[in-house]
$ cat input-v5.csv   # CSV, C-alpha atoms
chain,number,residue,atom,x,y,z
A,24,MET,CA,0.0,0.0,0.0
A,25,THR,CA,1.3,3.4,-0.9
A,26,ALA,CA,1.0,6.5,1.4
A,27,MET,CA,-1.6,7.9,-1.1
A,28,GLN,CA,-3.8,4.7,-1.2
A,29,PRO,CA,-6.1,5.7,1.8
A,30,PHE,CA,-6.8,9.0,0.1
A,31,VAL,CA,-7.4,7.4,-3.3
A,32,ASP,CA,-9.8,4.8,-1.8
A,33,ARG,CA,-12.1,7.6,-0.7
A,34,LEU,CA,-12.5,9.0,-4.3
A,35,ASP,CA,-15.7,8.2,-6.2
A,36,HIS,CA,-15.4,10.2,-9.4
A,37,PRO,CA,-17.1,9.8,-12.8
A,38,VAL,CA,-15.8,7.3,-15.3
A,39,TYR,CA,-15.6,7.9,-19.0
A,40,VAL,CA,-15.4,6.0,-22.3
A,41,VAL,CA,-12.8,7.2,-24.7
A,42,THR,CA,-13.2,6.5,-28.4
A,43,VAL,CA,-10.8,7.1,-31.3
A,44,THR,CA,-10.2,6.4,-34.9
A,45,ALA,CA,-6.8,6.5,-36.7
A,46,ASP,CA,-5.3,4.7,-39.6
A,47,ALA,CA,-8.7,3.1,-40.5
A,48,GLU,CA,-9.0,1.5,-37.0
A,49,ARG,CA,-11.6,2.3,-34.4
A,50,ALA,CA,-11.0,1.7,-30.7
A,51,GLY,CA,-12.5,2.6,-27.3
A,52,CYS,CA,-12.1,1.9,-23.6
A,53,LEU,CA,-13.4,2.7,-20.2
A,54,VAL,CA,-11.2,5.3,-18.5
A,55,THR,CA,-11.0,5.9,-14.8
A,56,PHE,CA,-8.2,8.4,-14.9
A,57,ALA,CA,-9.4,11.7,-16.5
A,58,SER,CA,-9.9,15.3,-15.4
A,59,PRO,CA,-10.3,18.9,-16.5
A,60,CYS,CA,-6.9,20.4,-16.0
A,61,SER,CA,-7.2,24.0,-17.3
A,62,ILE,CA,-9.9,26.7,-17.6
A,63,LYS,CA,-8.3,29.2,-20.0
A,64,PRO,CA,-7.5,27.6,-22.4
A,65,ALA,CA,-10.0,24.8,-21.7
A,66,ARG,CA,-8.0,21.5,-21.4
A,67,PHE,CA,-8.9,18.0,-20.3
A,68,MET,CA,-6.5,15.1,-19.7
A,69,VAL,CA,-7.2,11.4,-20.1
A,70,TRP,CA,-4.8,8.7,-19.2
A,71,LEU,CA,-4.5,5.5,-21.2
A,72,SER,CA,-2.6,2.4,-20.4
A,73,PRO,CA,0.0,1.4,-23.1
A,74,LEU,CA,-1.3,-2.2,-22.6
A,75,ASN,CA,-4.6,-1.2,-24.0
A,76,ARG,CA,-5.5,-1.4,-27.7
A,77,THR,CA,-7.1,2.0,-27.5
A,78,TYR,CA,-3.8,3.5,-26.5
A,79,ARG,CA,-2.1,1.8,-29.6
A,80,VAL,CA,-4.7,3.4,-31.9
A,81,ALA,CA,-4.8,6.7,-30.0
A,82,ARG,CA,-1.0,7.4,-30.1
A,83,SER,CA,-1.3,8.2,-33.8
A,84,ALA,CA,-4.7,10.0,-33.6
A,85,GLU,CA,-5.2,13.7,-33.9
A,86,GLN,CA,-8.4,13.7,-31.8
A,87,LEU,CA,-10.1,11.6,-29.1
A,88,ALA,CA,-13.8,11.6,-28.0
A,89,VAL,CA,-14.6,11.5,-24.3
A,90,HIS,CA,-18.0,10.3,-23.2
A,91,LEU,CA,-19.7,10.8,-19.8
A,92,LEU,CA,-21.9,7.8,-19.0
A,93,GLY,CA,-25.1,7.7,-17.0
A,94,ARG,CA,-25.6,5.4,-14.1
A,95,ASP,CA,-28.1,3.5,-16.3
A,96,GLN,CA,-25.3,2.7,-18.7
A,97,HIS,CA,-23.4,0.0,-16.7
A,98,ALA,CA,-23.7,-2.4,-19.6
A,99,LEU,CA,-21.9,0.1,-21.9
A,100,ALA,CA,-19.2,0.5,-19.3
A,101,GLU,CA,-18.9,-3.2,-19.1
A,102,LEU,CA,-18.6,-3.5,-22.9
A,103,PHE,CA,-15.8,-0.9,-23.1
A,104,GLY,CA,-14.1,-1.9,-19.8
A,105,GLY,CA,-14.6,-5.6,-19.6
A,106,GLU,CA,-13.9,-6.5,-23.3
A,107,THR,CA,-10.8,-5.9,-25.3
A,108,GLY,CA,-10.9,-4.6,-28.9
A,109,ASP,CA,-8.2,-7.1,-29.6
A,110,ARG,CA,-11.0,-9.8,-29.6
A,111,VAL,CA,-14.3,-7.9,-29.9
A,112,ASP,CA,-15.7,-5.2,-32.2
A,113,LYS,CA,-17.2,-3.1,-29.5
A,114,PHE,CA,-18.8,-0.7,-32.0
A,115,ALA,CA,-20.8,-3.6,-33.5
A,116,ARG,CA,-22.4,-4.1,-30.1
A,117,THR,CA,-23.6,-0.5,-29.4
A,118,ASP,CA,-25.2,2.4,-31.1
A,119,TRP,CA,-23.0,5.3,-32.3
A,120,THR,CA,-22.6,7.9,-35.0
A,121,PRO,CA,-19.6,9.3,-36.7
A,122,GLY,CA,-18.5,12.5,-35.0
A,123,PRO,CA,-15.8,15.1,-36.0
A,124,GLY,CA,-13.0,13.4,-38.0
A,125,GLY,CA,-15.1,10.2,-38.1
A,126,ILE,CA,-14.5,9.4,-34.4
A,127,PRO,CA,-17.3,7.2,-33.0
A,128,VAL,CA,-19.6,9.2,-30.8
A,129,LEU,CA,-21.6,6.9,-28.5
A,130,ASP,CA,-25.4,7.4,-28.6
A,131,ASP,CA,-27.4,8.5,-25.5
A,132,THR,CA,-24.5,9.4,-23.2
A,133,LEU,CA,-24.9,12.2,-20.7
A,134,ALA,CA,-22.3,14.3,-22.5
A,135,TRP,CA,-19.4,14.0,-24.9
A,136,PHE,CA,-16.7,16.1,-26.4
A,137,VAL,CA,-14.0,15.6,-29.1
A,138,GLY,CA,-10.6,17.0,-28.2
A,139,ARG,CA,-7.6,17.7,-30.3
A,140,VAL,CA,-4.5,15.9,-28.9
A,141,GLU,CA,-2.1,18.6,-27.8
A,142,GLU,CA,0.5,16.5,-26.1
A,143,HIS,CA,1.3,13.0,-24.8
A,144,ILE,CA,2.7,12.9,-21.3
A,145,ASP,CA,4.3,9.8,-19.7
A,146,THR,CA,3.1,9.8,-16.1
A,147,GLY,CA,4.1,6.3,-15.1
A,148,ASP,CA,2.1,3.2,-16.1
A,149,HIS,CA,-0.4,5.4,-18.0
A,150,ILE,CA,0.2,8.0,-20.7
A,151,GLY,CA,-1.7,11.3,-20.5
A,152,PHE,CA,-3.4,12.7,-23.6
A,153,LEU,CA,-3.9,16.5,-23.2
A,154,LEU,CA,-7.0,17.5,-25.1
A,155,SER,CA,-8.3,20.8,-26.4
A,156,PRO,CA,-12.1,20.6,-27.0
A,157,VAL,CA,-13.2,21.1,-30.6
A,158,ALA,CA,-16.9,19.9,-30.4
A,159,GLY,CA,-19.3,18.4,-27.9
A,160,GLU,CA,-22.9,18.0,-26.7
A,161,ALA,CA,-24.7,17.4,-23.5
A,162,GLN,CA,-28.2,16.2,-22.7
A,163,ALA,CA,-30.5,19.0,-21.7
A,164,SER,CA,-32.0,16.9,-18.9
A,165,THR,CA,-30.0,16.7,-15.6
A,166,GLU,CA,-32.1,14.0,-14.1
A,167,ARG,CA,-29.6,11.2,-14.9
A,168,GLU,CA,-26.6,10.8,-12.6
A,169,PRO,CA,-23.1,10.1,-13.9
A,170,LEU,CA,-21.7,6.6,-13.6
A,171,CYS,CA,-19.0,6.6,-11.0
A,172,LEU,CA,-16.0,4.5,-10.0
A,173,SER,CA,-18.0,2.7,-7.2
A,174,ASP,CA,-20.6,1.7,-9.8
A,175,ILE,CA,-18.1,-0.3,-11.8
A,176,ALA,CA,-16.4,-2.2,-9.0
A,177,ASP,CA,-17.8,-5.4,-10.5
A,178,ILE,CA,-16.3,-5.0,-13.9
A,179,THR,CA,-13.2,-7.1,-14.6
A,180,ALA,CA,-10.9,-5.3,-17.0
A,181,GLY,CA,-10.5,-6.8,-20.5
A,182,HIS,CA,-6.7,-6.0,-20.3
A,183,PRO,CA,-4.4,-5.8,-17.4
A,184,VAL,CA,-4.7,-2.3,-15.8
A,185,SER,CA,-1.0,-1.7,-15.5
$ encode --input "input-v5.csv" --output "structure tokens"
Amino acid sequence: MTAMQPFVDRLDHPVYVVTVTADAERAGCLVTFASPCSIKPARFMVWLSPLNRTYRVARSAEQLAVHLLGRDQHALAELFGGETGDRVDKFARTDWTPGPGGIPVLDDTLAWFVGRVEEHIDTGDHIGFLLSPVAGEAQASTEREPLCLSDIADITAGHPVS
């Protein structure tokens, strides 16, 4: 146990699905490390594991899409977190539409945005993708709550997490 673990164990932040397309490949995964990191200019950071297929596609992508899931979308989180794109076409199993640059935008999420990749930052066992938003949408209704880390404790990762 690290000195930080008791602190981290108390966090219950939203989880996200990141999707990407590059070199005629699509990929997507559930992300638990993500955060806004600047107001002016607006920036958001998502961290991907190099062990994940989504990272391998994203490292040559110009843009990524980040989706905020609702608590009612556990099955979608399980698809993108519990399956690996090395074996399963996740996009054949869910509804989506092409977004900016052809990036898959998942239907019926609470909100999504596409961000231009400004930089890759090696932070340890995950690589940070610094994003500048270029497009996005959010549902008008605020009745749905975001899916959080505690809601996905039962999902076994499709790839090792580190």
$ residues_near_point --input "input-v5.csv" --point "(-24.4, 7.5, -19.9)" --cutoff "8 Å" --atoms "all atoms listed in the file" --output "MDAnalysis selection string"
chainID A and resid 90:96 131:134 169:170
$ atom_distance --input "input-v5.csv" --atom1 "atom CA of Leu154 of chain A" --atom2 "atom CA of Asp109 of chain A"
25.0 Å
$ residues_near_point --input "input-v5.csv" --point "(-12.7, 6.6, -11.4)" --cutoff "10 Å" --atoms "all atoms listed in the file" --output "list of chain:residue names"
A:Val31, A:Leu34, A:Asp35, A:His36, A:Pro37, A:Val38, A:Tyr39, A:Leu53, A:Val54, A:Thr55, A:Phe56, A:Ala57, A:Ser58, A:Leu170, A:Cys171, A:Leu172, A:Ser173, A:Asp174, A:Ile175, A:Ala176
$ write_last_selection --input "input-v5.csv" --atoms "C-alpha atoms" --output "tab-separated table (two decimals), in the frame of the given file"
chain	number	residue	atom	x	y	z
A	31	VAL	CA	-7.40	7.40	-3.30
A	34	LEU	CA	-12.50	9.00	-4.30
A	35	ASP	CA	-15.70	8.20	-6.20
A	36	HIS	CA	-15.40	10.20	-9.40
A	37	PRO	CA	-17.10	9.80	-12.80
A	38	VAL	CA	-15.80	7.30	-15.30
A	39	TYR	CA	-15.60	7.90	-19.00
A	53	LEU	CA	-13.40	2.70	-20.20
A	54	VAL	CA	-11.20	5.30	-18.50
A	55	THR	CA	-11.00	5.90	-14.80
A	56	PHE	CA	-8.20	8.40	-14.90
A	57	ALA	CA	-9.40	11.70	-16.50
A	58	SER	CA	-9.90	15.30	-15.40
A	170	LEU	CA	-21.70	6.60	-13.60
A	171	CYS	CA	-19.00	6.60	-11.00
A	172	LEU	CA	-16.00	4.50	-10.00
A	173	SER	CA	-18.00	2.70	-7.20
A	174	ASP	CA	-20.60	1.70	-9.80
A	175	ILE	CA	-18.10	-0.30	-11.80
A	176	ALA	CA	-16.40	-2.20	-9.00
$ atom_distance --input "input-v5.csv" --atom1 "atom CA of Arg33 of chain A" --atom2 "atom CA of Trp70 of chain A"
19.9 Å
$ closest_residue --input "input-v5.csv" --among "A:Thr25, A:Thr42, A:Ser83, A:Thr107" --to "Gly138 of chain A" --atoms "only C-alpha atoms"
A:Thr42
$ closest_residue --input "input-v5.csv" --among "A:Glu160, A:Val43, A:Leu71, A:Ala180" --to "Gly125 of chain A" --atoms "only C-alpha atoms"
A:Val43
$ atom_distance --input "input-v5.csv" --atom1 "atom CA of His149 of chain A" --atom2 "atom CA of Val41 of chain A"
14.2 Å
$ closest_residue --input "input-v5.csv" --among "A:Ala161, A:Leu129, A:Cys52, A:Ala65" --to "Gly108 of chain A" --atoms "all atoms listed in the file"
A:Cys52
$ closest_residue --input "input-v5.csv" --among "A:Ala163, A:Met27, A:Cys60, A:Ala84" --to "Val140 of chain A" --atoms "all atoms listed in the file"
A:Ala84
$ closest_residue --input "input-v5.csv" --among "A:Ser61, A:Ser72, A:Gln28, A:Thr44" --to "Asp148 of chain A" --atoms "only C-alpha atoms"
A:Ser72
$ build_atoms --input "input-v5.csv" --residues "segment 50-63 of chain A" --atoms "N, CA and C atoms" --output "PDB file, in the coordinates of the input"
ATOM      1  N   ALA A  50     -11.250   2.285 -31.964  1.00  0.00           N
ATOM      2  CA  ALA A  50     -11.000   1.700 -30.700  1.00  0.00           C
ATOM      3  C   ALA A  50     -11.708   2.501 -29.599  1.00  0.00           C
ATOM      4  N   GLY A  51     -11.894   1.891 -28.442  1.00  0.00           N
ATOM      5  CA  GLY A  51     -12.500   2.600 -27.300  1.00  0.00           C
ATOM      6  C   GLY A  51     -12.312   1.800 -26.048  1.00  0.00           C
ATOM      7  N   CYS A  52     -12.255   2.529 -24.928  1.00  0.00           N
ATOM      8  CA  CYS A  52     -12.100   1.900 -23.600  1.00  0.00           C
ATOM      9  C   CYS A  52     -12.694   2.700 -22.523  1.00  0.00           C
ATOM     10  N   LEU A  53     -12.956   2.026 -21.411  1.00  0.00           N
ATOM     11  CA  LEU A  53     -13.400   2.700 -20.200  1.00  0.00           C
ATOM     12  C   LEU A  53     -12.184   3.325 -19.527  1.00  0.00           C
ATOM     13  N   VAL A  54     -12.346   4.562 -19.081  1.00  0.00           N
ATOM     14  CA  VAL A  54     -11.200   5.300 -18.500  1.00  0.00           C
ATOM     15  C   VAL A  54     -11.641   5.768 -17.087  1.00  0.00           C
ATOM     16  N   THR A  55     -10.779   5.485 -16.121  1.00  0.00           N
ATOM     17  CA  THR A  55     -11.000   5.900 -14.800  1.00  0.00           C
ATOM     18  C   THR A  55     -10.115   7.087 -14.365  1.00  0.00           C
ATOM     19  N   PHE A  56      -9.055   7.331 -15.143  1.00  0.00           N
ATOM     20  CA  PHE A  56      -8.200   8.400 -14.900  1.00  0.00           C
ATOM     21  C   PHE A  56      -8.435   9.522 -15.941  1.00  0.00           C
ATOM     22  N   ALA A  57      -9.111  10.603 -15.538  1.00  0.00           N
ATOM     23  CA  ALA A  57      -9.400  11.700 -16.500  1.00  0.00           C
ATOM     24  C   ALA A  57      -9.841  12.910 -15.626  1.00  0.00           C
ATOM     25  N   SER A  58      -9.547  14.103 -16.160  1.00  0.00           N
ATOM     26  CA  SER A  58      -9.900  15.300 -15.400  1.00  0.00           C
ATOM     27  C   SER A  58      -9.742  16.554 -16.255  1.00  0.00           C
ATOM     28  N   PRO A  59     -10.618  17.553 -16.015  1.00  0.00           N
ATOM     29  CA  PRO A  59     -10.300  18.900 -16.500  1.00  0.00           C
ATOM     30  C   PRO A  59      -9.016  19.333 -15.887  1.00  0.00           C
ATOM     31  N   CYS A  60      -8.191  20.046 -16.622  1.00  0.00           N
ATOM     32  CA  CYS A  60      -6.900  20.400 -16.000  1.00  0.00           C
ATOM     33  C   CYS A  60      -6.548  21.899 -16.344  1.00  0.00           C
ATOM     34  N   SER A  61      -7.409  22.628 -17.065  1.00  0.00           N
ATOM     35  CA  SER A  61      -7.200  24.000 -17.300  1.00  0.00           C
ATOM     36  C   SER A  61      -8.514  24.684 -17.701  1.00  0.00           C
ATOM     37  N   ILE A  62      -8.690  25.939 -17.278  1.00  0.00           N
ATOM     38  CA  ILE A  62      -9.900  26.700 -17.600  1.00  0.00           C
ATOM     39  C   ILE A  62      -9.703  27.526 -18.851  1.00  0.00           C
ATOM     40  N   LYS A  63      -8.634  28.312 -18.865  1.00  0.00           N
ATOM     41  CA  LYS A  63      -8.300  29.200 -20.000  1.00  0.00           C
ATOM     42  C   LYS A  63      -6.844  28.919 -20.375  1.00  0.00           C
TER      43      LYS A  63
END
